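J.: Shown below is the structure under consideration.
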Amino acid sequence: MNHKTAPLEIRERLQLSCGDDARSLTELMRLPEIREALCLATCNRVEVLARVAEGEQAVEGLREFIYRQGNLEREELGRCLYVYRDREAVRHLFRVASSLDSMVMGEPQILGQLKEAYHQAVDNRATTVLLNRLLHHAFRVAKRVRTETGIAGNAVSVSYAAVELAKKIFGNLKGKKILIIGAGEMSELAVRHLIRQGAGHILIANRTYERAKELAETLQGAPLAFDRIPEALPEIDIVIASTGAPGYIVSAEMVASALRRRRNRLLFLIDIAVPRDIDPAAGDIENVYLYNIDHLQDVVDSNKEGRRVEAMKAEGIIAEEIAVYEEWFNALAVVPTIVSLREKMEAIMKGELERSASWMKILDGEERSRIEILTASIVNKILHDPITALKEESRERDELPYVAAVRRLFKL
Amino acid sequence: MIAIVLFKAALAVYLVSAAVYIASLLGRRVLLARFATGLMLAALVIHTFSFAAWWLTAGEGPVMGLLETLSFFAWVMAIAYLALQLKTKTRVLGAFISPVICLFMVVASVGLGGTVMAPAMLRGTLVTFHVILSVAGEALFAVASCAGLMYLFQDGLLRKKKAGGFSRLLPSLGDLDRINHLCLLWGFPLLTLGGLIGSIWARIVWGSHWQWDPKQIWTLLAWGFYAFLLHQRLVIGWRGRTAARWSIAAFVILLVLLMVGRPFFQTFHDFL
C-alpha cells in the first residue's frame, strides 16, 4: 500500500510493526510459499517484495501476514492493498526506486530507504539470486532515471521554491520558527533548506509521537504532540504539512485564531500533502500565505508539460530496463535445463570412456588424452545448436516449448 | 544663483536615477538598480549643496517658500530611502520612490526664479522649525505609502501564486512592512512636533492656537488618520495589507491637502 491507497492511520500502524526490526522479516520468511522477501516501510508506503512458489496461495499468505502485522480489520485493510505480479511487479519496483511513485516526484530519499530495506533483507539472508539481481537492477534504473531525466531536479526545486517563497514573504529567515506536521520525506528536504537559510526552532508533530521524536533528533528540533498543534501555532512562522491524512488537520478557524494571537505577524503555510492537510480557506485570511504542492510545482516550472515529458522519459527508461531484466530472468528459466543437459552428456561421455578404458590401455598417455579431447569436442559441437536455440527462445518467447521438449527428449 | 544651478543639476541626476531604477525594474536587472542607487546618492549630495548655497546667499533658513518646501520634501525622501536601503537591502523601492522625488523636484523647479517669500510676520526660527519638521514627517509618510503600494503589489502576486518574474524583483513582504512601520514611527513624531510648533507660533502671532484654517483642519484630519493607524499597529497588531492600505489612504489625504486643496481654499498657509 502507499500514500495513494491507504489513509495515514493504517500506514502508520503497519509501518511501525513492519518498520525497523527484523522480526517481521523472519516471520515473513517462515511462510511456506515465500522463497525470498524484502520489506519496505516508509512514511508513505508499506510494501513486501517476494519471490514465491505458489502464486495465489502465496498472495493469500502475504495478505494474512499484513493483516496480522497491522492488527486491523480485513475489510478496512483489504481496500488499501495492491498486488503486482511478474512484469508489473518489476515495473512497480523500478518506479518506486526512481521516485516516480512518490508523493513529490523525484524526491531522493526513497532510493536510500529501499537500499536500507535491501541491506536488512540481505543481513537476514532473506534474499538470494533473483531478488539480489532485481534490486541491483532497480538501483541501476533509479540512477539512470536520475541522470538522464530532469525528475530529480523537480523535488529539489520544489523545496527550493518553498525556501524562495519564504524569503519573499519574510525577507530574512533568521530565527523563524517552523512547524512540521507529518514526518515525511519531502518536508525533511524543505526543512533542511530552511535551516541552511538560518531558520531556527523546529517543531515536529506526528500522529505517532515516536516518529516525531526520531525526526526531531535528526533535525535538532523538538517533538510536538499532535493534538497540541493549535496551541503551538501562534508561535510559528512557517508550517510544512505532509501527512496525507484524509481530512484537514489545520482548519481555517485554527489559523485565524492563531493569527489573532500572534498579532497578525505573517504566516506561511506549505501544504505538500495529497489530499490536503490545511483547509484552503486558510489561504484567504489576510497575512496568511498558503501554498500547496501544485502551487509550488507551478512556481518551479510554469509548464506542466515539461514535467510530464520528463516523467514519460523516465517511464521509457523503465520499460527499456524491464526488457533487459526479463531477458535475464527468462534466461534464468532455461539455465537449469542447459546445465542438466550438459551434465547428462558429460556423464555419458565419461561412462563410455570408462567402459573403453580396458582396450585403451594399449595407447600411450598422449593418445588417450587426444581421444578424450575428441569426444569432448564432439559433445560440445552437438550441444552447441540446441543450447543456442534454448537461449534464443528464452529471449523471444514467454513460454518455453523447447525447454520442455529437450527435457522430454533427453529425459532430464 | 549657484543654488539654482546646483538644484537643477540635482534634479537632472534624480531624473536619470529614476529612469535607471524603472529600467532595472522592467528589465529585471539588479545591477542597474545598484547603479541607480549610486546616482541617487550623487543627486542627494548635489541637492544638499544647493541647500547650503541657498542658505549662505539668502542668509536665512532655506525652507521658506512652497518651492523650497517641495524641494526639501524630496530631499528628506531621498535620505529616508537611502537609509532604509542600507538597512533592508531593498533597492527596488527606489523605482517607486524616485519618480515621486522627481515629481516634487519638477514642481519645485517650475517657479524657482521668482521665489514667493512668506510675509514678514511669518519669518523666524520657530516657523523654520515648524516647516522643516512637518515636511520631514510628510516625506517619511510618502516613503511609507510607497512601501505600502509595493506591499500591495507583492501581496497580490504571492496570493495569485505568481511568485516568479516580477515578484522576484519586489522586496519581501517582511521588509516592506518594516519600512512602512519605521517611516510611520519616525514620521509621526516629526509631524506632531511640527504641528505643535506651528500652533505655538500661531498663538504668538494671532493670539490663538487654532484658526479654523482649512489647512489646519485638513492636517489635523490626516494627523488623526496616522495616529489611528499607528495606534492600531502598535496596540492591535495591524500589519500587512490593512496597514499598507491605510498608510496609502492617509497619504492621499495629505496629498490632496498639499496639491489640490490649495487652489480651492483661502488659507493662512497660502504661501506654503
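The chains in the C-alpha cells are called A, B, ... from first to last as shown; in each chain the residues are counted from 1, and the ligands are counted from 1 in the order shown.
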Using DSSP on the backbone coordinates, identify all residues within range 102-322 of chain A classified as alpha helix (DSSP H); present the result as a PyMOL selection string.

T.: chain A and resi 109-123+129-148+151-170+185-196+209-219+229-232+252-261+293-300+304-322

J.: Show me which bits of chain A are within 12 Å of chain B, counting only C-alpha atoms, as a compact mmCIF listing (two decimals) with N, CA and C atoms, in the first residue's frame.

T.:
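Final output, out-v1.txt:
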```txt
# COMPACT_ATOMS: atom_id res chain seq x y z
N ALA A 161 11.94 26.10 -4.04
CA ALA A 161 10.90 27.10 -4.28
C ALA A 161 10.23 27.51 -2.98
N ALA A 162 10.03 26.52 -2.10
CA ALA A 162 9.42 26.83 -0.80
C ALA A 162 10.29 27.81 -0.04
N VAL A 163 11.59 27.58 -0.10
CA VAL A 163 12.51 28.47 0.62
C VAL A 163 12.49 29.86 0.00
N GLU A 164 12.49 29.91 -1.35
CA GLU A 164 12.48 31.20 -2.03
C GLU A 164 11.23 32.00 -1.67
N LEU A 165 10.11 31.28 -1.61
CA LEU A 165 8.86 31.94 -1.24
C LEU A 165 8.93 32.48 0.18
N ALA A 166 9.49 31.66 1.05
CA ALA A 166 9.62 32.09 2.44
C ALA A 166 10.44 33.37 2.51
N LYS A 167 11.47 33.43 1.67
CA LYS A 167 12.30 34.64 1.65
C LYS A 167 11.51 35.83 1.10
N LYS A 168 10.68 35.56 0.10
CA LYS A 168 9.85 36.63 -0.47
C LYS A 168 8.90 37.19 0.58
N ILE A 169 8.47 36.33 1.46
CA ILE A 169 7.50 36.76 2.46
C ILE A 169 8.18 37.41 3.66
N PHE A 170 9.19 36.73 4.19
CA PHE A 170 9.76 37.21 5.44
C PHE A 170 11.00 38.08 5.25
N GLY A 171 11.60 37.98 4.08
CA GLY A 171 12.84 38.72 3.88
C GLY A 171 14.01 37.95 4.43
N ASN A 172 14.07 37.92 5.74
CA ASN A 172 15.18 37.22 6.38
C ASN A 172 14.61 36.05 7.18
N LEU A 173 15.19 34.87 7.01
CA LEU A 173 14.62 33.70 7.67
C LEU A 173 15.24 33.43 9.03
N LYS A 176 13.30 32.27 12.29
CA LYS A 176 11.90 31.93 12.04
C LYS A 176 11.62 30.53 12.59
N ASP A 237 6.09 30.53 12.38
CA ASP A 237 6.10 31.39 11.19
C ASP A 237 5.87 30.60 9.91
N LEU A 259 -3.56 33.58 14.25
CA LEU A 259 -3.11 34.85 13.71
C LEU A 259 -3.48 36.01 14.63
N ARG A 260 -4.66 35.89 15.23
CA ARG A 260 -5.04 36.92 16.20
C ARG A 260 -4.05 36.93 17.36
N ARG A 261 -3.71 35.71 17.80
CA ARG A 261 -2.84 35.66 18.96
C ARG A 261 -1.41 36.06 18.64
N ARG A 262 -1.01 35.91 17.37
CA ARG A 262 0.35 36.33 17.02
C ARG A 262 0.32 37.76 16.47
N ARG A 263 -0.75 38.46 16.72
CA ARG A 263 -0.89 39.86 16.32
C ARG A 263 -0.58 40.06 14.85
N ASN A 264 -1.17 39.19 14.03
CA ASN A 264 -1.12 39.34 12.58
C ASN A 264 0.26 39.24 11.95
N ARG A 265 1.22 38.71 12.69
CA ARG A 265 2.51 38.52 12.02
C ARG A 265 2.31 37.52 10.89
N LEU A 266 3.06 37.71 9.82
CA LEU A 266 2.86 36.89 8.62
C LEU A 266 3.04 35.41 8.93
N LEU A 267 2.24 34.60 8.23
CA LEU A 267 2.29 33.14 8.42
C LEU A 267 2.35 32.49 7.05
N PHE A 268 3.30 31.63 6.87
CA PHE A 268 3.48 30.95 5.59
C PHE A 268 3.14 29.48 5.77
N ALA A 282 -7.97 28.78 4.61
CA ALA A 282 -6.98 29.48 5.43
C ALA A 282 -6.16 30.44 4.59
N GLY A 283 -6.02 30.13 3.30
CA GLY A 283 -5.22 30.98 2.42
C GLY A 283 -5.87 32.32 2.13
N ASP A 284 -7.18 32.44 2.42
CA ASP A 284 -7.86 33.71 2.16
C ASP A 284 -7.69 34.70 3.30
N ILE A 285 -7.21 34.20 4.43
CA ILE A 285 -7.04 35.08 5.58
C ILE A 285 -5.89 36.05 5.30
N GLU A 286 -6.09 37.29 5.72
CA GLU A 286 -5.05 38.29 5.50
C GLU A 286 -3.78 37.91 6.25
N ASN A 287 -2.65 38.19 5.62
CA ASN A 287 -1.34 37.91 6.22
C ASN A 287 -1.03 36.41 6.33
N VAL A 288 -1.86 35.58 5.68
CA VAL A 288 -1.55 34.15 5.61
C VAL A 288 -1.30 33.81 4.15
N TYR A 289 -0.22 33.10 3.90
CA TYR A 289 0.09 32.70 2.53
C TYR A 289 0.14 31.19 2.48
N LEU A 290 -0.80 30.62 1.75
CA LEU A 290 -0.92 29.17 1.70
C LEU A 290 -0.54 28.66 0.32
N TYR A 291 0.44 27.80 0.29
CA TYR A 291 0.85 27.20 -0.98
C TYR A 291 0.72 25.70 -0.85
N ASN A 292 0.07 25.07 -1.81
CA ASN A 292 0.06 23.61 -1.82
C ASN A 292 1.05 23.11 -2.88
N ILE A 293 1.11 21.79 -3.00
CA ILE A 293 2.18 21.22 -3.83
C ILE A 293 2.06 21.66 -5.28
N ASP A 294 0.83 21.82 -5.77
CA ASP A 294 0.65 22.26 -7.16
C ASP A 294 1.19 23.67 -7.36
N HIS A 295 0.88 24.54 -6.38
CA HIS A 295 1.38 25.91 -6.48
C HIS A 295 2.90 25.92 -6.53
N LEU A 296 3.51 25.10 -5.65
CA LEU A 296 4.97 25.06 -5.61
C LEU A 296 5.52 24.56 -6.94
N GLN A 297 4.88 23.51 -7.45
CA GLN A 297 5.31 22.98 -8.74
C GLN A 297 5.21 24.06 -9.81
N ASP A 298 4.12 24.84 -9.76
CA ASP A 298 3.93 25.90 -10.75
C ASP A 298 5.01 26.96 -10.63
N VAL A 299 5.41 27.21 -9.39
CA VAL A 299 6.48 28.19 -9.20
C VAL A 299 7.76 27.67 -9.84
N VAL A 300 7.99 26.37 -9.67
CA VAL A 300 9.20 25.77 -10.20
C VAL A 300 9.25 25.87 -11.71
N ASP A 301 8.27 25.31 -12.36
CA ASP A 301 8.23 25.47 -13.81
C ASP A 301 6.80 25.70 -14.23
N SER A 302 6.61 26.80 -14.89
CA SER A 302 5.24 27.17 -15.21
C SER A 302 4.66 26.21 -16.25
```

J.: Can you pull out every residue within 9 Å of Pro275 in chain A, counting only C-alpha atoms, but drop anything in the same chain fewer than 4 positions away, and send it as a list in words?

T.: Lys4, Thr243, Gly244, Ala245, Pro246, Gly247 and Tyr248 of chain A

J.: For those residues, write C-alpha atoms to a file as a compact mmCIF listing (two decimals), in the first residue's frame.

T.:
```txt
# COMPACT_ATOMS: atom_id res chain seq x y z
CA LYS A 4 -2.43 6.98 -2.66
CA THR A 243 0.71 13.86 6.40
CA GLY A 244 -1.71 12.69 3.75
CA ALA A 245 -4.41 12.25 6.37
CA PRO A 246 -7.88 12.10 4.83
CA GLY A 247 -9.24 15.35 6.30
CA TYR A 248 -7.91 18.78 7.13
```

J.: Taking 3 positions as the minimum chain separation for residues in the same chain, which residues sit within 10 Å of range 407-409 of chain A when counting only C-alpha atoms? Answer as a PDB file with C-alpha atoms, in the first residue's frame.

T.:
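The resulting file, result-v1.pdb, is reproduced below:
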```
ATOM      1  CA  THR A 337      17.823 -27.236 -18.420  1.00  0.00           C
ATOM      2  CA  ILE A 338      21.064 -26.313 -20.132  1.00  0.00           C
ATOM      3  CA  SER A 340      21.420 -30.672 -16.734  1.00  0.00           C
ATOM      4  CA  LEU A 341      21.692 -31.298 -20.451  1.00  0.00           C
ATOM      5  CA  PRO A 401       8.310 -25.237 -25.504  1.00  0.00           C
ATOM      6  CA  TYR A 402      11.894 -26.147 -26.399  1.00  0.00           C
ATOM      7  CA  VAL A 403      12.798 -26.437 -22.743  1.00  0.00           C
ATOM      8  CA  ALA A 404      10.007 -28.923 -22.280  1.00  0.00           C
ATOM      9  CA  LEU A 412      16.211 -34.717 -17.876  1.00  0.00           C
TER      10      LEU A 412
END
```

J.: If DSSP is run on the backbone, what residues of range 139-323 of chain A are strand (DSSP E)? A reply as a PyMOL selection string would be ideal.

T.: chain A and resi 177-181+200-205+222-224+238-241+267-271+288-292

J.: So which residues touch Ile132 in chain B within 9 Å, counting only C-alpha atoms, skipping near sequence neighbours fewer than 4 positions away, as a ChimeraX atom specification?

T.: /B:63,69,72-73,127-128,136-137,190,194

J.: Quick one: pull the distance between CA of Leu184 in chain B and CA of Phe104 in chain B, Å, one decimal.

T.: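 Atom-to-atom, CA of Leu184 in chain B to CA of Phe104 in chain B, that is 20.4 Å.
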
J.: Counting only C-alpha atoms, what is within 6 Å of Ala205 in chain A, bar same-chain residues fewer than 5 positions away, as number ranges by chain?

T.: A: 181, 212, 223-226

J.: Which residue, A:Arg87, A:Lys213, A:His384, A:Arg63, has the smallest gap to Tyr325 in chain A when you use only C-alpha atoms?

T.: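 With only C-alpha atoms as the atom set, the closest residue is A:Arg87.
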
J.: To one decimal place, how far is CA of Ile97 in chain B from CA of Ala18 in chain B in Å?

T.: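 Pair CA of Ile97 in chain B / CA of Ala18 in chain B returns 8.3 Å.
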
J.: Fewer than 3 positions away in the same chain doesn't count, so skip those; otherwise give me all residues within 10 Å of Leu15 in chain B, counting only C-alpha atoms, as a PDB file with N, CA and C atoms, in the first residue's frame.

T.:
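Contents of selection.pdb, freshly written:
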```
ATOM      1  N   ALA B   9      20.984  70.773 -11.398  1.00  0.00           N
ATOM      2  CA  ALA B   9      21.856  69.605 -11.596  1.00  0.00           C
ATOM      3  C   ALA B   9      21.317  68.420 -10.801  1.00  0.00           C
ATOM      4  N   ALA B  10      20.928  68.678  -9.543  1.00  0.00           N
ATOM      5  CA  ALA B  10      20.390  67.615  -8.699  1.00  0.00           C
ATOM      6  C   ALA B  10      19.151  67.016  -9.351  1.00  0.00           C
ATOM      7  N   LEU B  11      18.274  67.901  -9.851  1.00  0.00           N
ATOM      8  CA  LEU B  11      17.050  67.423 -10.498  1.00  0.00           C
ATOM      9  C   LEU B  11      17.386  66.505 -11.671  1.00  0.00           C
ATOM     10  N   ALA B  12      18.365  66.929 -12.490  1.00  0.00           N
ATOM     11  CA  ALA B  12      18.743  66.119 -13.650  1.00  0.00           C
ATOM     12  C   ALA B  12      19.213  64.734 -13.203  1.00  0.00           C
ATOM     13  N   ALA B  18      15.938  57.945 -11.533  1.00  0.00           N
ATOM     14  CA  ALA B  18      14.588  57.367 -11.602  1.00  0.00           C
ATOM     15  C   ALA B  18      14.439  56.518 -12.861  1.00  0.00           C
ATOM     16  N   ALA B  19      14.969  57.047 -13.981  1.00  0.00           N
ATOM     17  CA  ALA B  19      14.866  56.306 -15.238  1.00  0.00           C
ATOM     18  C   ALA B  19      15.594  54.972 -15.134  1.00  0.00           C
ATOM     19  N   VAL B  20      16.787  55.010 -14.534  1.00  0.00           N
ATOM     20  CA  VAL B  20      17.558  53.767 -14.417  1.00  0.00           C
ATOM     21  C   VAL B  20      16.845  52.798 -13.474  1.00  0.00           C
ATOM     22  N   TYR B  21      16.267  53.329 -12.395  1.00  0.00           N
ATOM     23  CA  TYR B  21      15.508  52.469 -11.484  1.00  0.00           C
ATOM     24  C   TYR B  21      14.375  51.763 -12.204  1.00  0.00           C
ATOM     25  N   LEU B  39      23.518  56.836  -8.375  1.00  0.00           N
ATOM     26  CA  LEU B  39      23.086  58.103  -8.969  1.00  0.00           C
ATOM     27  C   LEU B  39      22.284  58.924  -7.971  1.00  0.00           C
ATOM     28  N   MET B  40      21.399  58.214  -7.257  1.00  0.00           N
ATOM     29  CA  MET B  40      20.551  58.939  -6.324  1.00  0.00           C
ATOM     30  C   MET B  40      21.385  59.560  -5.202  1.00  0.00           C
ATOM     31  N   ALA B  43      22.902  62.600  -6.549  1.00  0.00           N
ATOM     32  CA  ALA B  43      21.894  63.655  -6.640  1.00  0.00           C
ATOM     33  C   ALA B  43      21.648  64.270  -5.265  1.00  0.00           C
ATOM     34  N   SER B  98      11.746  57.150  -6.406  1.00  0.00           N
ATOM     35  CA  SER B  98      12.442  58.172  -7.200  1.00  0.00           C
ATOM     36  C   SER B  98      11.508  58.968  -8.113  1.00  0.00           C
ATOM     37  N   PRO B  99      10.470  58.360  -8.717  1.00  0.00           N
ATOM     38  CA  PRO B  99       9.563  59.200  -9.509  1.00  0.00           C
ATOM     39  C   PRO B  99       8.845  60.237  -8.648  1.00  0.00           C
ATOM     40  N   ILE B 101      10.018  61.617  -5.929  1.00  0.00           N
ATOM     41  CA  ILE B 101      11.023  62.646  -5.668  1.00  0.00           C
ATOM     42  C   ILE B 101      11.120  63.584  -6.867  1.00  0.00           C
ATOM     43  N   CYS B 102      11.189  62.985  -8.066  1.00  0.00           N
ATOM     44  CA  CYS B 102      11.310  63.777  -9.284  1.00  0.00           C
ATOM     45  C   CYS B 102      10.120  64.704  -9.446  1.00  0.00           C
ATOM     46  N   LEU B 103       8.929  64.152  -9.150  1.00  0.00           N
ATOM     47  CA  LEU B 103       7.723  64.957  -9.283  1.00  0.00           C
ATOM     48  C   LEU B 103       7.836  66.225  -8.437  1.00  0.00           C
ATOM     49  N   MET B 105      10.479  67.607  -7.269  1.00  0.00           N
ATOM     50  CA  MET B 105      11.577  68.458  -7.733  1.00  0.00           C
ATOM     51  C   MET B 105      11.144  69.269  -8.953  1.00  0.00           C
ATOM     52  N   VAL B 106      10.412  68.598  -9.857  1.00  0.00           N
ATOM     53  CA  VAL B 106       9.994  69.292 -11.079  1.00  0.00           C
ATOM     54  C   VAL B 106       9.059  70.432 -10.726  1.00  0.00           C
TER      55      VAL B 106
END
```

J.: Pick from A:Ile240, A:Ala319, A:Ala190, A:Ala6: nearest to Ile204 in chain A, with only C-alpha atoms counted?

T.: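 Distance minimum relative to Ile204 in chain A lands on A:Ile240.
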
J.: Which distance in Å separates CA of Leu70 in chain B and CA of Ser109 in chain B, to one decimal?

T.: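 According to the coordinates, CA of Leu70 in chain B and CA of Ser109 in chain B are separated by 9.3 Å.
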